[in-house]
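Here's the structure we're looking at; comments come further down.
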Amino acid sequence: MVESLKSKRIKFPRRRQREFLEKCRLKLEFTFEELARYLRIDTRTATDWKREKFLMPASAVEALSRKAKVSIPAGGKILGQFWYTKKGARKGGLVTYRKYGRVGGDPAFRKRRWREWWDGKGKFTKHPIINVSLPIKTPKLSAELAEFIGIILGDGGISKYQVTVTLHHVDDKEFMKFVVNLITKLFDAIPGVHHNPKDSTNTIFISRVKLVKLLTEKLGLKAGDKVRNQIDIPLWIKKNEKFRIACIRGLLDTDGSVFIHKYRSKNKQYKYKKIDFTNRSLPLLNSVSKLLVELGINHRFRDRYQIRIEAQKDVKKYFDLIGSHNPKHLKKYRAAL
């Protein structure tokens with residue numbers, strides 16, 4: 001009976017199996033390797049499932065669906081070891097699957113039994129994924145680390161198990177490569193990249209509990225909503241001029257913009273390059289303003305949440321003293337008016 005259950009497979013319509021696996025992985029905030037470990041299979045097998053080279057076992061589909069709270073794709077066919085000799089069972093299984101979108105018995109009973117297991121044993125058992133911290137390199141305090149902190153303060157995010165940086169998939173395509181290489185160099189861990197066509201973004205992610213702890217417990221960052229937390233530049237960066245400059249570069253490479261301001265006066269058109277920095281954290285904005293003053297870069301607050309560098313000599317001074325690693329900004333700055 002056990003072998004029979006294990007041998008059942010679900011044949012989904014084309015590309016549905018791959019989409020289901022990717023949705024579950026993203027919902028669980030797992031890397032592909034972590035997903036394979038959770039399913040207790042090797043990475044090669046998981047890759048074959050993603051490529052749809054082989055069909056997934058019904059038990060694995062159901063377990064992932066329950067764990068990630070992702071619905072099993074409709075239109076699947078259950079194939080068992082003896083499915084072709086049992087028309088009645090086959091039809092009954094397919095009708096149940098199409099009607100309820102799941103495989104197995106009473107979900108209320110399963111949930112009740114799971115709760116009994118969890119309260120009695122499960123929550124006290126070391127989880128093979130959550131409780132195993134994958135290693136990272138702990139870097140020394142440096143300008144590169146300060147620039148990475150600036151990137152996180154700008155377009156980054158920190159959750160309980162993951163660190164992310166979200167960038168525009170076209171405008172920041174080259175800058176994305178810089179960020180991936182920076183993370184790899186600093187922490188000796190290669191991040192993943194997820195493309196979201198609906199938002200036109202690429203999200204660079206790295207799932208490391210040790211990295212989250214390093215950033216939040218040692219380097220002065222906070223997990224969760226940055227606006228609600230009213231984040232600021234960490235003190236260790238503020239104390240060092242090279243670190244301050246690098247952090248501002250990371251901030252403006254993500255949350256800043258370089259643009260050409262055009263206006264007409266007395267039938268003559270004028271064009272000037274300007275820099276904007278927008279952020280909803282007031283302590284962070286005030287710290288950036290203070291650091292720009294220290295560097296002699298004049299600027300003004302356009303409103304409560306936006307700093308603008310307007311004078312051409314100050315725009316030039318910004319790029320001379322601070323610079324940019326974002327090709328998008330450099331291209332606009334170097335473009336002829």
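By order in the structure tokens, chains are A, B, ...; within a chain, residues start at 1; ligands start at 1, following the order shown.
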* To do: Please provide the set of residues having any atom within 7 Å of Ala58 (chain A), restricted to only C-alpha atoms, with same-chain residues fewer than 6 positions apart removed, written as number ranges by chain.
  => A: 8-10
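Residues in contact range of region 20-24 of chain A, defined as at most 9 Å between only C-alpha atoms, with sequence neighbours fewer than 3 positions away removed, read Arg15, Arg16, Gln17, Lys27, Leu28, Glu29, Phe30, Phe32, Leu35, Trp49, Lys50, Val61, Leu64, Ser65, Lys67, Ala68, Lys69, Val70, Ser71, Ile72 and Pro73 of chain A.
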* Surrounding residues of Leu221 (chain A) excluding itself and chain neighbours under 3 positions, 10 Å, only C-alpha atoms, as a ChimeraX atom specification -> /A:149,152-153,158,212-218,224,226,231-234
* To do: DSSP on the backbone, then: every residue of region 31-271 of chain A marked strand (DSSP E or B), written as an MDAnalysis selection string.
  => chainID A and resid 56:57 77:79 156:158 163:168 192:196 201:206 256:265 268:271
* Asked: Counting only C-alpha atoms, what is within 12 Å of region 317-324 of chain A, bar same-chain residues fewer than 3 positions away, as a ChimeraX atom specification?
  -> /A:143,147,151,175,178,241-254,256-258,273-276,291-299,308-314,327-334
Would you save the residues of that selection, restricted to C-alpha atoms, as a PDB file, in the first residue's frame?
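As written to disk, out_30.pdb reads:
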ATOM      1  CA  ALA A 143      33.689  50.993   2.074  1.00  0.00           C
ATOM      2  CA  GLU A 147      27.942  50.719   0.008  1.00  0.00           C
ATOM      3  CA  ILE A 151      21.835  49.696  -1.251  1.00  0.00           C
ATOM      4  CA  PHE A 175      23.608  47.626 -11.980  1.00  0.00           C
ATOM      5  CA  PHE A 178      27.235  44.879  -9.814  1.00  0.00           C
ATOM      6  CA  GLU A 241      34.310  59.518   5.903  1.00  0.00           C
ATOM      7  CA  LYS A 242      35.072  56.822   3.305  1.00  0.00           C
ATOM      8  CA  PHE A 243      32.229  54.706   4.659  1.00  0.00           C
ATOM      9  CA  ARG A 244      29.855  57.710   4.605  1.00  0.00           C
ATOM     10  CA  ILE A 245      30.650  58.440   0.955  1.00  0.00           C
ATOM     11  CA  ALA A 246      30.226  54.790  -0.068  1.00  0.00           C
ATOM     12  CA  CYS A 247      26.903  54.493   1.788  1.00  0.00           C
ATOM     13  CA  ILE A 248      25.505  57.616   0.094  1.00  0.00           C
ATOM     14  CA  ARG A 249      26.589  56.176  -3.263  1.00  0.00           C
ATOM     15  CA  GLY A 250      24.666  52.950  -2.567  1.00  0.00           C
ATOM     16  CA  LEU A 251      21.618  54.927  -1.412  1.00  0.00           C
ATOM     17  CA  LEU A 252      21.422  57.223  -4.426  1.00  0.00           C
ATOM     18  CA  ASP A 253      22.271  54.449  -6.872  1.00  0.00           C
ATOM     19  CA  THR A 254      19.010  52.806  -5.754  1.00  0.00           C
ATOM     20  CA  GLY A 256      18.150  58.427  -6.345  1.00  0.00           C
ATOM     21  CA  SER A 257      17.646  59.675  -9.890  1.00  0.00           C
ATOM     22  CA  VAL A 258      19.597  61.797 -12.359  1.00  0.00           C
ATOM     23  CA  LYS A 273      21.147  68.060 -15.000  1.00  0.00           C
ATOM     24  CA  LYS A 274      19.869  67.549 -11.477  1.00  0.00           C
ATOM     25  CA  ILE A 275      19.857  64.820  -8.814  1.00  0.00           C
ATOM     26  CA  ASP A 276      16.880  63.772  -6.699  1.00  0.00           C
ATOM     27  CA  LEU A 291      26.692  64.303   5.016  1.00  0.00           C
ATOM     28  CA  LEU A 292      26.183  66.301   1.804  1.00  0.00           C
ATOM     29  CA  VAL A 293      26.775  69.516   3.778  1.00  0.00           C
ATOM     30  CA  GLU A 294      30.021  68.067   5.166  1.00  0.00           C
ATOM     31  CA  LEU A 295      31.160  67.389   1.590  1.00  0.00           C
ATOM     32  CA  GLY A 296      30.252  70.914   0.519  1.00  0.00           C
ATOM     33  CA  ILE A 297      27.475  69.778  -1.832  1.00  0.00           C
ATOM     34  CA  ASN A 298      24.645  72.336  -1.781  1.00  0.00           C
ATOM     35  CA  HIS A 299      21.099  70.980  -1.962  1.00  0.00           C
ATOM     36  CA  ARG A 308      17.428  67.837  -4.736  1.00  0.00           C
ATOM     37  CA  ILE A 309      20.903  68.829  -5.922  1.00  0.00           C
ATOM     38  CA  GLU A 310      20.343  71.539  -8.521  1.00  0.00           C
ATOM     39  CA  ALA A 311      23.380  73.736  -9.205  1.00  0.00           C
ATOM     40  CA  GLN A 312      25.570  72.267 -11.955  1.00  0.00           C
ATOM     41  CA  LYS A 313      28.737  72.731  -9.905  1.00  0.00           C
ATOM     42  CA  ASP A 314      27.154  70.725  -7.082  1.00  0.00           C
ATOM     43  CA  PRO A 327      25.385  52.758 -15.359  1.00  0.00           C
ATOM     44  CA  LYS A 328      21.911  54.282 -15.646  1.00  0.00           C
ATOM     45  CA  HIS A 329      22.984  57.323 -13.581  1.00  0.00           C
ATOM     46  CA  LEU A 330      26.397  57.607 -15.241  1.00  0.00           C
ATOM     47  CA  LYS A 331      24.889  57.532 -18.724  1.00  0.00           C
ATOM     48  CA  LYS A 332      22.485  60.367 -17.900  1.00  0.00           C
ATOM     49  CA  TYR A 333      25.202  62.436 -16.228  1.00  0.00           C
ATOM     50  CA  ARG A 334      27.638  62.041 -19.123  1.00  0.00           C
TER      51      ARG A 334
END
* Distance query region 190-199 of chain A at most 8 Å, only C-alpha atoms, self and fewer than 5 positions along chain excluded, as a ChimeraX atom specification -> /A:31,169,180,183-184,204-207
* If we count only C-alpha atoms, what is near Tyr270 (chain A) at a cut-off of 10 Å, once residues fewer than 4 positions away on the same chain are taken out, given as JSON, numbers by chain? -> {"A": [260, 261, 262, 263, 264, 265, 337]}
Store the residues of this selection in a file with N, CA and C atoms, as an mmCIF file, in the first residue's frame.
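Once everything was written out, this is out_8.cif:
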data_model
loop_
_atom_site.group_PDB
_atom_site.id
_atom_site.type_symbol
_atom_site.label_atom_id
_atom_site.label_comp_id
_atom_site.auth_asym_id
_atom_site.auth_seq_id
_atom_site.Cartn_x
_atom_site.Cartn_y
_atom_site.Cartn_z
ATOM 1 N N ILE A 260 17.232 65.435 -16.469
ATOM 2 C CA ILE A 260 17.453 66.735 -17.126
ATOM 3 C C ILE A 260 16.223 67.598 -16.919
ATOM 4 N N HIS A 261 16.423 68.707 -16.234
ATOM 5 C CA HIS A 261 15.337 69.652 -15.980
ATOM 6 C C HIS A 261 15.293 70.670 -17.117
ATOM 7 N N LYS A 262 14.140 70.789 -17.770
ATOM 8 C CA LYS A 262 13.987 71.709 -18.898
ATOM 9 C C LYS A 262 12.962 72.784 -18.563
ATOM 10 N N TYR A 263 13.245 74.009 -18.981
ATOM 11 C CA TYR A 263 12.253 75.080 -18.839
ATOM 12 C C TYR A 263 12.549 76.182 -19.851
ATOM 13 N N ARG A 264 11.563 76.990 -20.130
ATOM 14 C CA ARG A 264 11.701 78.100 -21.078
ATOM 15 C C ARG A 264 11.585 79.420 -20.339
ATOM 16 N N SER A 265 12.379 80.393 -20.753
ATOM 17 C CA SER A 265 12.333 81.746 -20.194
ATOM 18 C C SER A 265 12.662 82.736 -21.305
ATOM 19 N N LEU A 337 23.929 67.700 -23.355
ATOM 20 C CA LEU A 337 22.657 68.401 -23.274
ATOM 21 C C LEU A 337 22.219 68.852 -24.664
#
* **All residues 10 Å or closer to Lys185 (chain A), only C-alpha atoms, same chain fewer than 5 positions away omitted, as JSON, numbers by chain** => {"A": [137, 139, 144, 145, 179, 180, 190]}
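Rounded to one decimal, CA of Val170 (chain A) and CA of Ala335 (chain A) lie 18.7 Å from each other.
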